[in-house]
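Novice: Below is run_11.cif; it holds mmCIF, C-alpha atoms and all ligand atoms.
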data_protein
#
loop_
_atom_site.label_atom_id
_atom_site.label_comp_id
_atom_site.auth_asym_id
_atom_site.auth_seq_id
_atom_site.Cartn_x
_atom_site.Cartn_y
_atom_site.Cartn_z
CA MET A 8 -50.72 78.12 304.05
CA LYS A 9 -51.52 81.52 302.60
CA PRO A 10 -48.66 83.50 301.05
CA THR A 11 -47.26 86.55 302.78
CA ASN A 12 -47.13 89.80 300.84
CA THR A 13 -45.98 88.86 297.37
CA ILE A 14 -44.49 92.23 296.35
CA LEU A 15 -42.14 92.47 299.32
CA GLY A 16 -41.63 88.71 299.27
CA GLU A 17 -39.90 89.09 295.90
CA TYR A 18 -37.08 91.04 297.50
CA GLY A 19 -34.17 89.42 299.28
CA THR A 20 -32.26 90.98 302.19
CA THR A 21 -30.78 94.37 301.20
CA ILE A 22 -27.37 94.27 299.60
CA PHE A 23 -26.02 96.58 302.35
CA THR A 24 -26.93 94.07 305.05
CA VAL A 25 -25.64 91.13 303.02
CA MET A 26 -22.27 92.74 302.31
CA SER A 27 -21.83 94.06 305.88
CA ALA A 28 -22.51 90.58 307.29
CA LEU A 29 -19.97 89.08 304.88
CA ALA A 30 -17.45 91.76 305.88
CA VAL A 31 -17.88 90.89 309.58
CA GLU A 32 -17.62 87.18 308.87
CA HIS A 33 -14.36 87.61 306.96
CA LYS A 34 -12.95 90.47 309.05
CA ALA A 35 -12.88 92.60 305.92
CA ILE A 36 -12.55 96.38 305.89
CA ASN A 37 -16.09 97.49 305.16
CA LEU A 38 -16.23 100.01 302.32
CA GLY A 39 -19.64 98.65 301.30
CA GLN A 40 -22.58 99.98 303.32
CA GLY A 41 -22.44 103.76 303.67
CA PHE A 42 -21.63 104.74 307.24
CA PRO A 43 -18.78 106.71 308.86
CA ASP A 44 -16.37 104.93 311.22
CA THR A 45 -16.33 107.83 313.69
CA ASP A 46 -19.05 108.58 316.19
CA GLY A 47 -20.34 112.01 315.18
CA PRO A 48 -19.81 115.40 316.85
CA ALA A 49 -19.34 115.13 320.64
CA ASP A 50 -21.42 118.25 321.36
CA ILE A 51 -24.44 116.84 319.54
CA ARG A 52 -24.12 113.54 321.39
CA ALA A 53 -23.85 115.48 324.66
CA ALA A 54 -27.04 117.37 323.76
CA ALA A 55 -28.83 114.02 323.29
CA GLU A 56 -27.49 112.78 326.61
CA ARG A 57 -28.72 115.89 328.43
CA ALA A 58 -32.11 115.64 326.77
CA THR A 59 -32.39 111.99 327.81
CA GLN A 60 -31.60 112.78 331.44
CA GLU A 61 -33.71 115.91 331.69
CA GLY A 62 -36.63 114.52 329.65
CA PRO A 63 -39.41 114.52 328.81
CA ASN A 64 -39.07 111.06 327.33
CA GLN A 65 -42.75 110.54 326.54
CA TYR A 66 -44.35 110.84 323.11
CA PRO A 67 -43.34 114.12 321.51
CA PRO A 68 -45.77 115.90 319.14
CA MET A 69 -46.67 113.82 316.09
CA MET A 70 -45.22 116.38 313.64
CA GLY A 71 -41.98 116.66 315.60
CA LEU A 72 -40.65 118.92 318.35
CA PRO A 73 -41.28 122.58 317.47
CA GLU A 74 -37.60 123.35 318.06
CA LEU A 75 -36.51 120.84 315.41
CA ARG A 76 -39.17 121.93 312.93
CA GLN A 77 -38.08 125.53 313.46
CA ALA A 78 -34.43 124.57 313.10
CA ALA A 79 -35.14 122.69 309.84
CA ALA A 80 -36.97 125.73 308.43
CA ALA A 81 -34.19 128.09 309.57
CA HIS A 82 -31.51 125.82 308.10
CA ASN A 83 -33.23 125.89 304.72
CA LYS A 84 -33.50 129.68 304.96
CA ALA A 85 -29.81 130.04 305.82
CA PHE A 86 -28.55 127.77 303.02
CA TYR A 87 -31.11 128.21 300.24
CA ASP A 88 -33.01 131.35 301.19
CA LEU A 89 -36.27 129.39 301.42
CA ASP A 90 -39.06 131.15 303.31
CA LEU A 91 -40.96 128.46 305.16
CA ASP A 92 -43.65 128.52 307.82
CA TRP A 93 -42.41 125.84 310.21
CA GLN A 94 -45.91 125.06 311.49
CA THR A 95 -47.29 124.07 308.10
CA GLN A 96 -44.17 123.38 306.05
CA SER A 97 -41.85 121.32 308.19
CA MET A 98 -42.08 117.91 309.84
CA VAL A 99 -39.92 115.25 311.49
CA THR A 100 -39.73 111.54 310.65
CA SER A 101 -37.72 108.55 311.83
CA GLY A 102 -35.01 108.92 309.23
CA ALA A 103 -35.19 109.89 305.59
CA THR A 104 -36.39 106.36 304.87
CA GLU A 105 -39.59 106.95 306.79
CA ALA A 106 -39.99 110.30 305.04
CA LEU A 107 -39.74 108.56 301.66
CA ALA A 108 -42.31 105.97 302.71
CA ALA A 109 -44.63 108.63 304.16
CA CYS A 110 -44.42 110.63 300.91
CA LEU A 111 -45.24 107.64 298.73
CA PHE A 112 -48.01 106.30 300.99
CA GLY A 113 -49.41 109.80 301.50
CA LEU A 114 -49.33 110.98 297.90
CA VAL A 115 -49.70 107.97 295.61
CA GLU A 116 -53.03 106.49 294.58
CA PRO A 117 -53.00 102.90 293.24
CA GLY A 118 -52.25 103.11 289.51
CA ASP A 119 -50.49 106.49 289.70
CA GLU A 120 -47.28 106.69 287.72
CA VAL A 121 -44.07 107.74 289.43
CA VAL A 122 -40.93 108.68 287.50
CA MET A 123 -37.70 107.31 288.95
CA ILE A 124 -34.16 107.58 287.70
CA GLU A 125 -31.92 104.50 287.63
CA PRO A 126 -29.54 103.64 289.22
CA LEU A 127 -31.62 104.34 292.33
CA TYR A 128 -31.51 103.91 296.10
CA ASP A 129 -32.80 100.49 297.08
CA CYS A 130 -35.99 101.32 299.00
CA TYR A 131 -37.68 103.46 296.31
CA LEU A 132 -39.10 100.67 294.17
CA PRO A 133 -40.38 98.31 296.88
CA ILE A 134 -42.14 101.12 298.76
CA LEU A 135 -43.69 102.54 295.61
CA ARG A 136 -44.89 99.15 294.41
CA ARG A 137 -46.32 98.35 297.85
CA ALA A 138 -48.18 101.68 297.71
CA GLY A 139 -49.75 100.55 294.42
CA GLY A 140 -47.82 103.01 292.25
CA VAL A 141 -46.43 102.22 288.83
CA PRO A 142 -42.73 103.02 288.34
CA LYS A 143 -41.65 104.72 285.11
CA LEU A 144 -37.93 104.21 284.98
CA VAL A 145 -35.43 106.35 283.14
CA ARG A 146 -31.68 105.69 283.15
CA ILE A 147 -28.77 107.99 283.51
CA GLU A 148 -25.80 106.38 281.78
CA PRO A 149 -22.15 106.23 282.73
CA PRO A 150 -19.61 107.70 282.61
CA HIS A 151 -21.16 111.18 282.92
CA TRP A 152 -24.64 110.26 284.16
CA GLU A 153 -26.26 113.07 282.19
CA LEU A 154 -30.02 113.33 282.36
CA PRO A 155 -31.51 112.01 279.06
CA TYR A 156 -34.04 114.74 278.32
CA ASP A 157 -35.98 112.87 275.62
CA ALA A 158 -36.34 109.68 277.68
CA LEU A 159 -37.39 111.70 280.72
CA GLU A 160 -40.04 113.53 278.74
CA GLU A 161 -41.33 110.20 277.42
CA ALA A 162 -41.65 108.87 280.96
CA PHE A 163 -43.99 111.71 281.96
CA SER A 164 -47.68 111.58 281.12
CA ASP A 165 -50.97 112.90 282.45
CA ASP A 166 -50.92 109.92 284.83
CA THR A 167 -47.63 111.02 286.44
CA LYS A 168 -48.20 111.83 290.10
CA LEU A 169 -44.63 112.63 290.98
CA ILE A 170 -40.94 112.22 290.29
CA MET A 171 -38.45 110.93 292.87
CA LEU A 172 -35.32 113.02 292.59
CA ASN A 173 -32.17 112.16 294.52
CA THR A 174 -29.40 114.74 294.34
CA PRO A 175 -26.53 114.28 295.22
CA THR A 176 -27.40 110.81 294.03
CA ASN A 177 -26.61 107.44 295.57
CA PRO A 178 -24.97 105.39 294.04
CA ALA A 179 -23.89 107.34 290.91
CA ALA A 180 -22.52 110.28 292.96
CA LYS A 181 -23.97 112.75 290.47
CA VAL A 182 -25.02 116.27 291.45
CA TYR A 183 -27.81 117.57 289.23
CA THR A 184 -27.13 120.82 287.38
CA LYS A 185 -29.38 123.87 287.33
CA GLU A 186 -30.17 123.20 283.67
CA GLU A 187 -31.24 119.61 284.42
CA LEU A 188 -33.38 120.77 287.34
CA GLU A 189 -35.02 123.40 285.15
CA PHE A 190 -35.89 120.73 282.61
CA ILE A 191 -37.44 118.55 285.32
CA ALA A 192 -39.37 121.55 286.70
CA GLY A 193 -40.72 122.25 283.20
CA LEU A 194 -42.05 118.70 282.89
CA MET A 195 -43.60 118.86 286.36
CA GLU A 196 -45.49 122.00 285.39
CA LYS A 197 -46.51 120.61 282.02
CA TYR A 198 -47.88 117.39 283.53
CA ASP A 199 -49.02 118.80 286.89
CA ALA A 200 -46.68 116.55 288.87
CA TYR A 201 -45.02 116.73 292.29
CA ALA A 202 -41.44 115.90 293.31
CA VAL A 203 -40.12 114.00 296.31
CA CYS A 204 -36.57 115.31 296.65
CA ASP A 205 -34.19 113.06 298.53
CA GLU A 206 -31.39 115.44 299.49
CA VAL A 207 -29.80 113.54 302.36
CA TYR A 208 -26.30 114.28 300.98
CA GLU A 209 -27.02 118.01 300.51
CA HIS A 210 -23.88 119.08 302.39
CA MET A 211 -21.56 116.64 300.64
CA THR A 212 -20.76 118.06 297.22
CA PHE A 213 -17.24 118.40 295.86
CA ASP A 214 -15.02 120.62 293.71
CA GLY A 215 -17.21 123.65 294.35
CA LYS A 216 -20.22 122.09 292.65
CA PRO A 217 -23.30 123.64 294.29
CA HIS A 218 -26.19 121.59 295.62
CA ILE A 219 -29.35 123.12 294.20
CA PRO A 220 -32.65 122.01 295.75
CA LEU A 221 -35.41 121.66 293.13
CA ILE A 222 -37.79 123.40 295.55
CA THR A 223 -35.84 126.66 295.09
CA LEU A 224 -36.69 126.92 291.38
CA PRO A 225 -39.53 129.22 290.27
CA SER A 226 -43.00 127.80 291.00
CA MET A 227 -41.55 124.63 292.53
CA ALA A 228 -42.37 125.62 296.14
CA GLU A 229 -45.92 124.30 295.68
CA ARG A 230 -44.80 121.01 294.16
CA CYS A 231 -41.84 119.72 296.14
CA ILE A 232 -40.99 117.97 299.38
CA LYS A 233 -37.32 118.25 300.36
CA ILE A 234 -35.99 115.51 302.65
CA GLY A 235 -32.91 115.81 304.90
CA SER A 236 -31.28 113.27 307.23
CA ALA A 237 -29.45 113.84 310.51
CA GLY A 238 -27.77 110.48 309.96
CA LYS A 239 -25.84 111.92 307.02
CA THR A 240 -25.49 115.55 308.05
CA PHE A 241 -24.16 114.67 311.51
CA SER A 242 -22.37 111.42 310.61
CA MET A 243 -24.55 109.30 312.90
CA THR A 244 -26.43 106.97 310.59
CA GLY A 245 -27.92 105.04 313.49
CA TRP A 246 -29.89 108.02 314.71
CA LYS A 247 -32.63 107.88 312.09
CA VAL A 248 -33.95 111.40 312.38
CA GLY A 249 -35.29 112.94 309.18
CA TYR A 250 -36.57 116.46 308.59
CA SER A 251 -38.70 117.42 305.61
CA VAL A 252 -39.89 120.76 304.33
CA GLY A 253 -42.33 121.55 301.55
CA ALA A 254 -45.71 122.78 300.44
CA PRO A 255 -48.32 122.65 303.25
CA LYS A 256 -50.62 120.41 301.21
CA LEU A 257 -47.83 117.88 300.65
CA ILE A 258 -46.56 117.96 304.24
CA GLU A 259 -50.14 117.37 305.39
CA ALA A 260 -50.46 114.33 303.10
CA MET A 261 -47.14 112.99 304.34
CA ALA A 262 -48.22 113.43 307.97
CA LYS A 263 -51.32 111.33 307.31
CA ALA A 264 -49.02 108.39 306.60
CA HIS A 265 -46.44 109.23 309.28
CA GLN A 266 -49.08 109.18 312.05
CA PHE A 267 -49.77 105.52 311.26
CA LEU A 268 -46.23 104.45 310.42
CA THR A 269 -44.10 105.53 313.39
CA PHE A 270 -46.21 108.42 314.78
CA THR A 271 -43.21 110.02 316.49
CA THR A 272 -39.40 110.04 316.64
CA PRO A 273 -37.31 109.86 319.88
CA PRO A 274 -37.49 113.32 321.53
CA ASN A 275 -33.93 113.30 322.91
CA LEU A 276 -32.52 112.80 319.41
CA GLN A 277 -34.83 115.48 318.01
CA LYS A 278 -33.53 118.00 320.55
CA ALA A 279 -29.93 117.14 319.73
CA VAL A 280 -30.55 117.39 315.98
CA ALA A 281 -32.22 120.81 316.47
CA TYR A 282 -29.07 121.89 318.29
CA GLY A 283 -26.96 120.48 315.43
CA LEU A 284 -28.90 122.20 312.65
CA ASN A 285 -28.33 125.52 314.42
CA LYS A 286 -24.55 125.09 314.27
CA ASP A 287 -22.42 127.64 312.42
CA LYS A 288 -22.19 127.35 308.65
CA GLU A 289 -18.54 126.26 308.95
CA TYR A 290 -19.60 122.88 310.33
CA PHE A 291 -21.63 122.09 307.24
CA GLY A 292 -18.97 123.48 304.90
CA SER A 293 -16.28 121.32 306.47
CA LEU A 294 -18.32 118.15 305.83
CA GLY A 295 -17.89 118.48 302.06
CA ILE A 296 -14.24 119.55 302.34
CA ASP A 297 -13.31 116.57 304.56
CA MET A 298 -15.23 114.16 302.39
CA GLN A 299 -13.63 115.48 299.19
CA ALA A 300 -10.14 114.75 300.57
CA LYS A 301 -11.23 111.20 301.40
CA ARG A 302 -12.73 110.77 297.95
CA ASP A 303 -9.40 111.78 296.43
CA ARG A 304 -7.43 109.47 298.70
CA LEU A 305 -9.50 106.41 297.84
CA SER A 306 -9.93 107.34 294.23
CA ASP A 307 -6.16 107.74 293.66
CA GLY A 308 -5.44 104.48 295.48
CA LEU A 309 -7.97 102.50 293.47
CA ALA A 310 -6.82 104.04 290.18
CA ASN A 311 -3.21 103.04 290.94
CA ILE A 312 -4.33 99.46 291.45
CA GLY A 313 -5.99 99.46 288.03
CA PHE A 314 -9.66 100.21 288.71
CA GLU A 315 -11.30 102.68 286.37
CA VAL A 316 -12.61 105.22 288.85
CA MET A 317 -15.55 107.37 287.80
CA ALA A 318 -16.16 110.94 288.87
CA SER A 319 -17.82 111.42 292.26
CA GLU A 320 -19.42 114.87 292.52
CA GLY A 321 -21.02 114.28 295.91
CA THR A 322 -22.24 111.71 298.54
CA TYR A 323 -20.09 109.15 300.41
CA PHE A 324 -19.49 107.01 297.36
CA LEU A 325 -17.44 106.37 294.27
CA THR A 326 -18.15 104.00 291.42
CA THR A 327 -15.45 101.88 289.85
CA ASP A 328 -15.39 99.81 286.68
CA PHE A 329 -13.43 96.68 287.58
CA ARG A 330 -13.09 95.26 284.05
CA PRO A 331 -9.47 96.48 283.63
CA LEU A 332 -8.51 94.12 286.48
CA GLY A 333 -9.45 91.14 284.33
CA PHE A 334 -11.79 89.52 286.87
CA ASN A 335 -13.95 86.76 285.46
CA GLY A 336 -17.46 87.27 286.83
CA ASP A 337 -20.18 89.81 287.49
CA ASP A 338 -20.35 92.58 290.09
CA THR A 339 -21.87 90.43 292.83
CA LYS A 340 -19.18 87.78 292.37
CA PHE A 341 -16.52 90.48 292.26
CA CYS A 342 -17.63 92.15 295.51
CA LYS A 343 -17.92 88.82 297.30
CA HIS A 344 -14.47 87.84 296.02
CA LEU A 345 -13.06 91.18 297.18
CA THR A 346 -14.53 90.70 300.64
CA THR A 347 -13.50 87.10 301.19
CA GLU A 348 -10.16 87.06 299.32
CA ALA A 349 -8.80 90.61 299.51
CA GLY A 350 -10.36 91.56 302.86
CA VAL A 351 -12.17 94.67 301.59
CA ALA A 352 -15.95 94.87 301.15
CA ALA A 353 -17.62 96.91 298.39
CA VAL A 354 -21.20 96.91 297.11
CA PRO A 355 -22.19 95.64 293.65
CA PHE A 356 -23.99 98.16 291.47
CA SER A 357 -26.67 96.02 289.81
CA PRO A 358 -28.99 95.97 292.89
CA PHE A 359 -29.55 99.68 292.21
CA TYR A 360 -31.51 98.71 289.08
CA GLN A 361 -34.99 97.19 288.93
CA ALA A 362 -33.70 94.36 286.74
CA GLY A 363 -30.74 93.65 289.05
CA ALA A 364 -28.33 91.19 287.45
CA GLU A 365 -30.34 91.47 284.20
CA SER A 366 -29.78 95.23 284.03
CA GLY A 367 -26.72 94.88 281.81
CA VAL A 368 -24.81 96.96 284.37
CA THR A 369 -22.77 94.27 286.10
CA HIS A 370 -19.22 95.62 285.91
CA PHE A 371 -19.31 98.33 288.59
CA ALA A 372 -18.48 98.18 292.30
CA ARG A 373 -19.38 101.01 294.71
CA PHE A 374 -16.88 101.98 297.40
CA CYS A 375 -17.69 104.15 300.43
CA PHE A 376 -15.02 106.67 301.49
CA CYS A 377 -16.49 108.25 304.65
CA LYS A 378 -13.83 106.50 306.75
CA GLN A 379 -10.72 107.52 308.65
CA ASN A 380 -7.60 107.90 306.53
CA ASP A 381 -5.83 104.95 308.18
CA LEU A 382 -8.65 102.65 307.25
CA LEU A 383 -8.75 103.89 303.66
CA ASP A 384 -4.99 103.38 303.41
CA ALA A 385 -5.23 99.88 304.86
CA ALA A 386 -7.95 99.00 302.34
CA ILE A 387 -5.85 100.29 299.46
CA GLU A 388 -2.88 98.30 300.70
CA ARG A 389 -4.90 95.08 300.89
CA LEU A 390 -6.35 95.60 297.42
CA GLY A 391 -2.93 96.48 296.02
CA LYS A 392 -1.44 93.27 297.38
CA HIS A 393 -4.32 91.20 296.11
CA PHE A 394 -4.27 92.55 292.58
CA GLY A 395 -0.55 92.35 292.10
CA GLY A 396 2.04 94.00 294.17
CA VAL A 397 1.18 97.71 294.11
N1 LIG A 401 -31.77 108.19 300.70
C1 LIG A 401 -30.53 107.93 300.27
C2 LIG A 401 -30.13 108.29 298.88
C3 LIG A 401 -29.62 107.30 301.12
O1 LIG A 401 -28.39 107.00 300.68
C4 LIG A 401 -30.03 106.99 302.42
C5 LIG A 401 -29.03 106.35 303.30
N2 LIG A 401 -28.90 105.62 303.97
C6 LIG A 401 -31.34 107.30 302.83
C7 LIG A 401 -32.19 107.90 301.93
C8 LIG A 401 -31.86 106.94 304.19
O2 LIG A 401 -31.54 107.85 305.19
P1 LIG A 401 -31.90 107.55 306.72
O3 LIG A 401 -30.80 106.72 307.27
O4 LIG A 401 -32.00 108.91 307.34
O5 LIG A 401 -33.20 106.82 306.75
N1 LIG A 402 -27.58 104.42 302.52
C1 LIG A 402 -26.62 103.42 302.85
C2 LIG A 402 -25.88 103.01 301.59
O1 LIG A 402 -26.24 103.33 300.50
C3 LIG A 402 -27.18 102.18 303.43
C4 LIG A 402 -28.37 102.23 304.29
C5 LIG A 402 -28.89 100.86 304.57
O2 LIG A 402 -28.13 99.96 304.90
N2 LIG A 402 -30.16 100.68 304.41
O3 LIG A 402 -24.90 102.33 301.73
#
Is it possible to give me this structure as structure tokens?
Specialist:
Amino acid sequence: MKPTNTILGEYGTTIFTVMSALAVEHKAINLGQGFPDTDGPADIRAAAERATQEGPNQYPPMMGLPELRQAAAAHNKAFYDLDLDWQTQSMVTSGATEALAACLFGLVEPGDEVVMIEPLYDCYLPILRRAGGVPKLVRIEPPHWELPYDALEEAFSDDTKLIMLNTPTNPAAKVYTKEELEFIAGLMEKYDAYAVCDEVYEHMTFDGKPHIPLITLPSMAERCIKIGSAGKTFSMTGWKVGYSVGAPKLIEAMAKAHQFLTFTTPPNLQKAVAYGLNKDKEYFGSLGIDMQAKRDRLSDGLANIGFEVMASEGTYFLTTDFRPLGFNGDDTKFCKHLTTEAGVAAVPFSPFYQAGAESGVTHFARFCFCKQNDLLDAAIERLGKHFGGV
């Protein structure tokens, strides 16, 4: 029999699915896959309910409901002072994941080079490779995850079509600085490249560190697409509503792919997300404040147990080095052991590298802290007991 697609066939089931299934099987507290354990703001859910009852429930416009496209443009004006024409510079997708796929399918020509920064979110490489693009990987290194300017410059060439930039970044929890963004912008201008900016955690930065969208830098408006996710911003990861803004030419290219991928996104959810994006600024500010307190709670607990906890400047996640605990085995073994023996699931770090277990980065476990305090405390207690009576 003929083989199925060989590029995608190389990949197993995502580590998030694998670890969540193991957590369910062993009744472990799931601090692996990134999702909140609350159900999102009641008023936004009520807006979706109303929109479902009142309709229409038929295909909405391919680019998204005007009210959501307008709300996405207005949100970017309110937070970043971006002047955007919603009709040509804003569109809706079924989650940020579809936006990423639409960008890569819409922009990349087979053989084009795309710069990506490891560790990276799991879908970037498979989608790019399936689109025929050639990844040029650069690593940020622990513990500070600073951008290596020389290596980045070496990764760019005249064949570079674009860079994928994720800030705040999953899993390293780094927030890019203005200086780093300026350096990236300089290379994009020098090599005539675009940027796909995955900013799904834009409202979750900590300790007063600002989130700076690359698109706000001088002359970047023509070169960037900025992707947001209702799943993250409204703590409802199952909703899968994404909103992107950017240069008209890039949005148009993205739409060419979107119309054949999903075509539209459920209209009831779009209406509710439009309502959500128009909320007062306090809502968005409180997201980061709440999440920072949870980061501190989990981070202190894990440090007391003996993990080396690395800085988390943003996102839902923190990275820990588990070597001080004296475990004999790599990150995948460690996270499986944690789930089955201690009753707490975490995610190994090596799947966030192209080389996986061969990456040389096999001593980190990622923990998710967007959970209620009781659950975080229960997880810390279980881990404390397991690793020796804390
Ligand atoms: N990018 C990053 C960095 C993520 O962590 C996620 C999270 N799940 C996504 C994209 C996908 O977002 P969505 O659920 O809206 O597709
Ligand atoms: N973004 C989530 C994480 O990093 C997972 C999303 C998924 O399961 N695909 O945990």
Novice: Using all atoms listed in the file, which protein or nucleic acid residues come within 9 Å of Ser27 of chain A? Drop anything in the same chain fewer than 2 positions from it, and give the result as a PyMOL selection string.
Specialist: chain A and resi 22-25+29-32+37-40+352
Novice: How would you write, as a PyMOL selection string, the set of residues no farther than 10 Å from ligand LIG 402 (chain A) when counting all atoms listed in the file?
Specialist: chain A and resi 21-27+38-42+103-104+127-130+176-178+207+238-239+244-245+322-324+353-354+359+373-375
Novice: What's the 12 Å shell around Leu188 of chain A, counting only C-alpha atoms, without same-chain residues fewer than 2 positions away, as a ChimeraX atom specification?
Specialist: /A:153-154,156,159,170,172-174,182-186,190-195,202,204,218-225,227
Novice: How about saving the chosen residues, C-alpha atoms kept, as a short mmCIF file (atom, residue, chain, number, x, y, z; two decimals), in the coordinates of the input?
Specialist:
data_model
loop_
_atom_site.label_atom_id
_atom_site.label_comp_id
_atom_site.auth_asym_id
_atom_site.auth_seq_id
_atom_site.Cartn_x
_atom_site.Cartn_y
_atom_site.Cartn_z
CA GLU A 153 -26.26 113.07 282.19
CA LEU A 154 -30.02 113.33 282.36
CA TYR A 156 -34.04 114.74 278.32
CA LEU A 159 -37.39 111.70 280.72
CA ILE A 170 -40.94 112.22 290.29
CA LEU A 172 -35.32 113.02 292.59
CA ASN A 173 -32.17 112.16 294.52
CA THR A 174 -29.40 114.74 294.34
CA VAL A 182 -25.02 116.27 291.45
CA TYR A 183 -27.81 117.57 289.23
CA THR A 184 -27.13 120.82 287.38
CA LYS A 185 -29.38 123.87 287.33
CA GLU A 186 -30.17 123.20 283.67
CA PHE A 190 -35.89 120.73 282.61
CA ILE A 191 -37.44 118.55 285.32
CA ALA A 192 -39.37 121.55 286.70
CA GLY A 193 -40.72 122.25 283.20
CA LEU A 194 -42.05 118.70 282.89
CA MET A 195 -43.60 118.86 286.36
CA ALA A 202 -41.44 115.90 293.31
CA CYS A 204 -36.57 115.31 296.65
CA HIS A 218 -26.19 121.59 295.62
CA ILE A 219 -29.35 123.12 294.20
CA PRO A 220 -32.65 122.01 295.75
CA LEU A 221 -35.41 121.66 293.13
CA ILE A 222 -37.79 123.40 295.55
CA THR A 223 -35.84 126.66 295.09
CA LEU A 224 -36.69 126.92 291.38
CA PRO A 225 -39.53 129.22 290.27
CA MET A 227 -41.55 124.63 292.53
#
Novice: Find, counting only C-alpha atoms and all ligand atoms, the residue in A:Glu206, A:Glu259, A:Asp381, A:Asp50 that gets nearest to ligand LIG 401 (chain A).
Specialist: A:Glu206
Novice: Work out how far apart atom CA of Leu332 of chain A and atom CA of Gly395 of chain A are and give it in Å to one decimal.
Specialist: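 Straight-line distance from atom CA of Leu332 of chain A to atom CA of Gly395 of chain A works out to 9.9 Å.
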Novice: Choose the residue, out of A:Pro10, A:Gly140, A:Pro255, A:Gly321, that has the smallest atom-to-atom separation from Arg230 of chain A; count all atoms listed in the file.
Specialist: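 Using all atoms listed in the file, Arg230 of chain A sits closest to A:Pro255.
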Novice: In the coordinate frame of the file, compute which residues have an atom within 10 Å of (-18.3, 117.6, 301.3) when using only C-alpha atoms, and state them as a PDB file with C-alpha atoms, in the frame of the given file.
Specialist:
ATOM      1  CA  TYR A 208     -26.300 114.280 300.980  1.00  0.00           C
ATOM      2  CA  GLU A 209     -27.020 118.010 300.510  1.00  0.00           C
ATOM      3  CA  HIS A 210     -23.880 119.080 302.390  1.00  0.00           C
ATOM      4  CA  MET A 211     -21.560 116.640 300.640  1.00  0.00           C
ATOM      5  CA  THR A 212     -20.760 118.060 297.220  1.00  0.00           C
ATOM      6  CA  PHE A 213     -17.240 118.400 295.860  1.00  0.00           C
ATOM      7  CA  ASP A 214     -15.020 120.620 293.710  1.00  0.00           C
ATOM      8  CA  GLY A 215     -17.210 123.650 294.350  1.00  0.00           C
ATOM      9  CA  LYS A 216     -20.220 122.090 292.650  1.00  0.00           C
ATOM     10  CA  PHE A 291     -21.630 122.090 307.240  1.00  0.00           C
ATOM     11  CA  GLY A 292     -18.970 123.480 304.900  1.00  0.00           C
ATOM     12  CA  SER A 293     -16.280 121.320 306.470  1.00  0.00           C
ATOM     13  CA  LEU A 294     -18.320 118.150 305.830  1.00  0.00           C
ATOM     14  CA  GLY A 295     -17.890 118.480 302.060  1.00  0.00           C
ATOM     15  CA  ILE A 296     -14.240 119.550 302.340  1.00  0.00           C
ATOM     16  CA  ASP A 297     -13.310 116.570 304.560  1.00  0.00           C
ATOM     17  CA  MET A 298     -15.230 114.160 302.390  1.00  0.00           C
ATOM     18  CA  GLN A 299     -13.630 115.480 299.190  1.00  0.00           C
ATOM     19  CA  ALA A 300     -10.140 114.750 300.570  1.00  0.00           C
ATOM     20  CA  LYS A 301     -11.230 111.200 301.400  1.00  0.00           C
ATOM     21  CA  ARG A 302     -12.730 110.770 297.950  1.00  0.00           C
ATOM     22  CA  GLU A 320     -19.420 114.870 292.520  1.00  0.00           C
ATOM     23  CA  GLY A 321     -21.020 114.280 295.910  1.00  0.00           C
ATOM     24  CA  THR A 322     -22.240 111.710 298.540  1.00  0.00           C
ATOM     25  CA  TYR A 323     -20.090 109.150 300.410  1.00  0.00           C
TER      26      TYR A 323
END
Novice: My list of candidates is A:Asp307, A:Glu105, A:Glu229, A:Asp199. Which is closest to ligand LIG 401 (chain A) when distances are computed with only C-alpha atoms and all ligand atoms?
Specialist: A:Glu105
Novice: Nearest residue to ligand LIG 401 (chain A) out of A:Ile14, A:Val99, A:Ala237, A:Met8, using all atoms listed in the file?
Specialist: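 That would be A:Ala237, the residue with the smallest distance to ligand LIG 401 (chain A).
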Novice: Just need the box for ligand LIG 401 (chain A), edges along x, y and z, holding every atom the file lists for it with 4 Å tacked onto each side, so centre and edge lengths in Å to one decimal, as AutoDock Vina command-line options.
Specialist:
--center_x -30.8 --center_y 107.3 --center_z 303.1 --size_x 12.8 --size_y 11.3 --size_z 16.5
Novice: Using Å and a single decimal, report how far atom CA of Thr346 of chain A sits from atom CA of Asn311 of chain A.
Specialist: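 Here the two named atoms are 19.4 Å from each other.
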Novice: Of the residues A:Ala158, A:Val115, A:Ala109, A:Ala80, which is the one nearest to ligand LIG 401 (chain A), using all atoms listed in the file?
Specialist: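 Looking only at the distances to ligand LIG 401 (chain A), the closest residue turns out to be A:Ala109.
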Novice: How many Å separate atom CA of Gly336 of chain A from atom CA of Ala179 of chain A?
Specialist: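 According to the coordinates, atom CA of Gly336 of chain A and atom CA of Ala179 of chain A are separated by 21.5 Å.
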Novice: Could you give me, as an MDAnalysis selection string, the residues within 8 Å of Gly253 of chain A, counting only C-alpha atoms and dropping anything in the same chain fewer than 2 positions from it?
Specialist: chainID A and resid 91 96:97 222 228:233 251 255 257:258
Novice: Go through A:Tyr131, A:Phe341, A:Phe163, A:Tyr360 one by one, measure the shortest atom-to-atom distance of each to Tyr198 of chain A using all atoms listed in the file, and give the residue with the smallest value.
Specialist: A:Phe163
Novice: Give me the residues within 7 Å of Lys143 of chain A as a PDB file with C-alpha atoms, keeping the file's coordinate frame, counting all atoms listed in the file and dropping any in the same chain fewer than 6 places off.
Specialist:
ATOM      1  CA  GLU A 120     -47.280 106.690 287.720  1.00  0.00           C
ATOM      2  CA  VAL A 121     -44.070 107.740 289.430  1.00  0.00           C
ATOM      3  CA  VAL A 122     -40.930 108.680 287.500  1.00  0.00           C
ATOM      4  CA  MET A 123     -37.700 107.310 288.950  1.00  0.00           C
ATOM      5  CA  ALA A 162     -41.650 108.870 280.960  1.00  0.00           C
TER       6      ALA A 162
END
